[in-house]
>>> print(open('final_3.cif').read())   # mmCIF, C-alpha atoms
data_final
loop_
_atom_site.group_PDB
_atom_site.id
_atom_site.type_symbol
_atom_site.label_atom_id
_atom_site.label_comp_id
_atom_site.auth_asym_id
_atom_site.auth_seq_id
_atom_site.Cartn_x
_atom_site.Cartn_y
_atom_site.Cartn_z
ATOM 1 C CA MET N 682 29.404 -17.972 -17.711
ATOM 2 C CA GLU N 683 26.024 -18.051 -15.982
ATOM 3 C CA LYS N 684 27.724 -17.420 -12.636
ATOM 4 C CA GLU N 685 29.478 -14.313 -14.048
ATOM 5 C CA LYS N 686 26.180 -12.965 -15.403
ATOM 6 C CA ALA N 687 24.501 -13.540 -12.036
ATOM 7 C CA GLU N 688 27.377 -11.785 -10.228
ATOM 8 C CA LYS N 689 27.164 -8.768 -12.543
ATOM 9 C CA ARG N 690 23.395 -8.620 -12.113
ATOM 10 C CA ASP N 691 23.731 -8.954 -8.329
ATOM 11 C CA ASP N 692 26.399 -6.230 -8.296
ATOM 12 C CA GLY N 693 24.103 -3.888 -10.234
ATOM 13 C CA ILE N 694 21.198 -4.571 -7.885
ATOM 14 C CA TYR N 695 23.456 -4.132 -4.858
ATOM 15 C CA ARG N 696 24.805 -0.837 -6.170
ATOM 16 C CA GLU N 697 21.331 0.476 -6.988
ATOM 17 C CA ASN N 698 20.044 -0.448 -3.530
ATOM 18 C CA LEU N 699 23.102 1.050 -1.848
ATOM 19 C CA TYR N 700 22.674 4.404 -3.582
ATOM 20 C CA LYS N 701 18.942 4.433 -2.970
ATOM 21 C CA GLN N 702 19.386 3.662 0.738
ATOM 22 C CA TYR N 703 22.103 6.293 1.060
ATOM 23 C CA THR N 704 19.895 8.942 -0.492
ATOM 24 C CA GLU N 705 16.844 7.889 1.524
ATOM 25 C CA HIS N 706 18.888 8.060 4.737
ATOM 26 C CA LEU N 707 20.117 11.508 3.760
ATOM 27 C CA LYS N 708 16.576 12.710 3.111
ATOM 28 C CA SER N 709 15.180 11.249 6.334
ATOM 29 C CA THR N 710 17.948 12.520 8.587
ATOM 30 C CA CYS N 711 18.401 15.926 7.001
ATOM 31 C CA GLY N 712 15.067 16.657 5.373
ATOM 32 C CA ILE N 713 16.979 18.203 2.452
ATOM 33 C CA LYS N 714 17.662 21.372 4.404
ATOM 34 C CA THR N 715 20.670 23.091 2.942
ATOM 35 C CA GLU N 716 21.712 24.809 6.158
ATOM 36 C CA GLU N 717 21.809 21.497 8.024
ATOM 37 C CA MET N 718 23.530 19.513 5.288
ATOM 38 C CA PHE N 719 26.225 22.000 4.443
ATOM 39 C CA GLY N 720 26.825 24.039 7.548
ATOM 40 C CA GLY N 721 28.934 23.293 10.565
ATOM 41 C CA ASN N 722 31.988 21.083 10.284
ATOM 42 C CA ARG N 723 31.680 20.410 6.564
ATOM 43 C CA ASP N 724 31.826 24.101 5.724
ATOM 44 C CA ILE N 725 34.794 24.589 8.064
ATOM 45 C CA THR N 726 36.585 21.636 6.472
ATOM 46 C CA PHE N 727 35.996 22.891 2.925
ATOM 47 C CA ARG N 728 37.198 26.374 3.863
ATOM 48 C CA LYS N 729 40.302 25.150 5.666
ATOM 49 C CA TYR N 730 41.518 22.403 3.350
ATOM 50 C CA TYR N 731 40.158 23.205 -0.113
ATOM 51 C CA LEU N 732 39.456 26.905 -0.493
ATOM 52 C CA PRO N 733 43.140 27.937 -0.321
ATOM 53 C CA HIS N 734 43.894 25.672 -3.287
ATOM 54 C CA LEU N 735 41.080 26.830 -5.545
ATOM 55 C CA PRO N 736 41.650 29.235 -8.416
ATOM 56 C CA LYS N 737 41.103 32.915 -7.682
ATOM 57 C CA ASP N 738 39.163 33.177 -10.950
ATOM 58 C CA LYS N 739 35.536 32.459 -9.999
ATOM 59 C CA ASN N 740 34.820 31.571 -13.666
ATOM 60 C CA ALA N 741 37.414 28.776 -13.726
ATOM 61 C CA LYS N 742 36.119 25.434 -15.001
ATOM 62 C CA ILE N 743 35.724 22.956 -12.140
ATOM 63 C CA LEU N 744 34.699 19.342 -12.711
ATOM 64 C CA GLU N 745 33.952 17.063 -9.776
ATOM 65 C CA LEU N 746 33.785 13.370 -10.621
ATOM 66 C CA GLY N 747 31.746 11.299 -8.180
ATOM 67 C CA CYS N 748 30.127 14.387 -6.688
ATOM 68 C CA GLY N 749 27.365 12.497 -4.879
ATOM 69 C CA TYR N 750 24.616 14.874 -3.838
ATOM 70 C CA GLY N 751 26.800 17.907 -4.523
ATOM 71 C CA ALA N 752 28.025 19.049 -1.102
ATOM 72 C CA PHE N 753 31.309 20.437 -2.434
ATOM 73 C CA LEU N 754 29.712 21.929 -5.543
ATOM 74 C CA LEU N 755 27.141 23.743 -3.437
ATOM 75 C CA PHE N 756 29.956 25.089 -1.273
ATOM 76 C CA LEU N 757 31.766 26.302 -4.413
ATOM 77 C CA LYS N 758 28.591 27.896 -5.726
ATOM 78 C CA GLN N 759 28.126 29.704 -2.411
ATOM 79 C CA GLN N 760 31.711 30.981 -2.724
ATOM 80 C CA GLY N 761 30.830 32.531 -6.089
ATOM 81 C CA TYR N 762 32.209 29.951 -8.513
ATOM 82 C CA THR N 763 30.049 29.863 -11.627
ATOM 83 C CA ASN N 764 31.491 27.306 -14.056
ATOM 84 C CA LEU N 765 30.814 24.067 -12.188
ATOM 85 C CA ILE N 766 30.044 20.569 -13.403
ATOM 86 C CA GLY N 767 29.510 17.521 -11.220
ATOM 87 C CA VAL N 768 28.800 13.971 -12.280
ATOM 88 C CA ASP N 769 27.749 10.900 -10.362
ATOM 89 C CA ILE N 770 26.613 7.467 -11.505
ATOM 90 C CA SER N 771 23.753 7.402 -8.996
ATOM 91 C CA PRO N 772 20.487 8.875 -10.288
ATOM 92 C CA GLN N 773 19.308 9.160 -6.678
ATOM 93 C CA GLN N 774 22.349 11.239 -5.708
ATOM 94 C CA VAL N 775 21.879 13.483 -8.725
ATOM 95 C CA GLU N 776 18.175 13.889 -7.930
ATOM 96 C CA THR N 777 19.100 15.035 -4.425
ATOM 97 C CA ALA N 778 21.656 17.484 -5.842
ATOM 98 C CA HIS N 779 18.951 18.928 -8.090
ATOM 99 C CA LYS N 780 16.625 19.383 -5.112
ATOM 100 C CA LEU N 781 19.415 21.294 -3.374
ATOM 101 C CA GLY N 782 19.591 23.786 -6.243
ATOM 102 C CA LEU N 783 22.238 22.204 -8.463
ATOM 103 C CA GLN N 784 19.974 21.438 -11.442
ATOM 104 C CA LYS N 785 22.347 22.830 -14.060
ATOM 105 C CA GLU N 786 25.576 21.727 -12.413
ATOM 106 C CA VAL N 787 25.057 18.006 -11.707
ATOM 107 C CA LEU N 788 24.278 15.182 -14.124
ATOM 108 C CA VAL N 789 24.180 11.395 -14.177
ATOM 109 C CA ALA N 790 27.356 10.041 -15.777
ATOM 110 C CA GLY N 791 30.465 8.040 -15.022
ATOM 111 C CA ALA N 792 34.040 9.281 -15.070
ATOM 112 C CA SER N 793 34.692 7.267 -18.227
ATOM 113 C CA ASP N 794 32.060 9.357 -20.032
ATOM 114 C CA PHE N 795 34.491 12.297 -19.844
ATOM 115 C CA GLY N 796 37.564 10.529 -21.291
ATOM 116 C CA GLY N 797 39.183 13.292 -23.330
ATOM 117 C CA TYR N 798 37.851 16.054 -21.125
ATOM 118 C CA THR N 799 39.438 14.643 -17.960
ATOM 119 C CA GLN N 800 42.725 14.060 -19.789
ATOM 120 C CA ASN N 801 42.736 17.732 -20.801
ATOM 121 C CA LEU N 802 42.014 18.767 -17.217
ATOM 122 C CA LEU N 803 44.876 16.641 -15.928
ATOM 123 C CA ALA N 804 47.239 18.099 -18.506
ATOM 124 C CA VAL N 805 46.301 21.619 -17.390
ATOM 125 C CA ALA N 806 46.643 20.692 -13.721
ATOM 126 C CA LYS N 807 50.227 19.470 -14.277
ATOM 127 C CA LYS N 808 51.350 22.813 -15.741
#
>>> encode(input="final_3.cif", output="structure tokens")
Amino acid sequence: MEKEKAEKRDDGIYRENLYKQYTEHLKSTCGIKTEEMFGGNRDITFRKYYLPHLPKDKNAKILELGCGYGAFLLFLKQQGYTNLIGVDISPQQVETAHKLGLQKEVLVAGASDFGGYTQNLLAVAKK
């Protein structure tokens, strides 16, 4: 029992450190400059592989689970989509998303926090 508690605690500390280091690396290498973080290959990739599959209606509800610092959401926002929500379990990732201009769109939460909502989205997606 004590071993299980220690493993869970260690996992939580590991996860927290991982997210913090990831965000710190992002800040130090990119300086939180939108044009550097979201230009170039990433923008080309989003345009080529995702944009053709997105709804034409720019007011369509779009939920991204595990959005990280919001790269895809920022791309969608730049394309004119207005009804965006992103969630991530890392407060550091969400803080970075907010600094990039996604204050209203991104929040700290886990996928399980959206139980019924995600089931409804999946039901709509299957139609």
>>> resolve_selection(input="final_3.cif", expression="the PyMOL selection byres ((chain N and resi 755) around 9)", output="number ranges by chain")
N: 719, 751-754, 756-760, 778, 781-783
>>> atom_distance(input="final_3.cif", atom1="CA of Asp794 in chain N", atom2="CA of Leu732 in chain N")
27.3 Å
>>> atom_distance(input="final_3.cif", atom1="CA of Pro736 in chain N", atom2="CA of Cys748 in chain N")
18.9 Å
>>> atom_distance(input="final_3.cif", atom1="CA of Ile743 in chain N", atom2="CA of Glu697 in chain N")
27.2 Å
>>> resolve_selection(input="final_3.cif", expression="the PyMOL selection byres ((chain N and resi 738) around 12)", output="PyMOL selection string")
chain N and resi 734-737+739-743+760-764
>>> axis_aligned_box(input="final_3.cif", around="range 739-753 of chain N", padding_each_side="8 Å", output="AutoDock Vina command-line options")
--center_x 31.0 --center_y 21.9 --center_z -8.1 --size_x 28.8 --size_y 37.2 --size_z 29.9
>>> closest_residue(input="final_3.cif", among="N:Glu786, N:Tyr750, N:Asp724, N:Ile694", to="Gln774 in chain N", atoms="all atoms listed in the file")
N:Tyr750
>>> resolve_selection(input="final_3.cif", expression="the PyMOL selection byres ((chain N and resi 745) around 7)", output="MDAnalysis selection string")
chainID N and resid 743:744 746:748 766:768
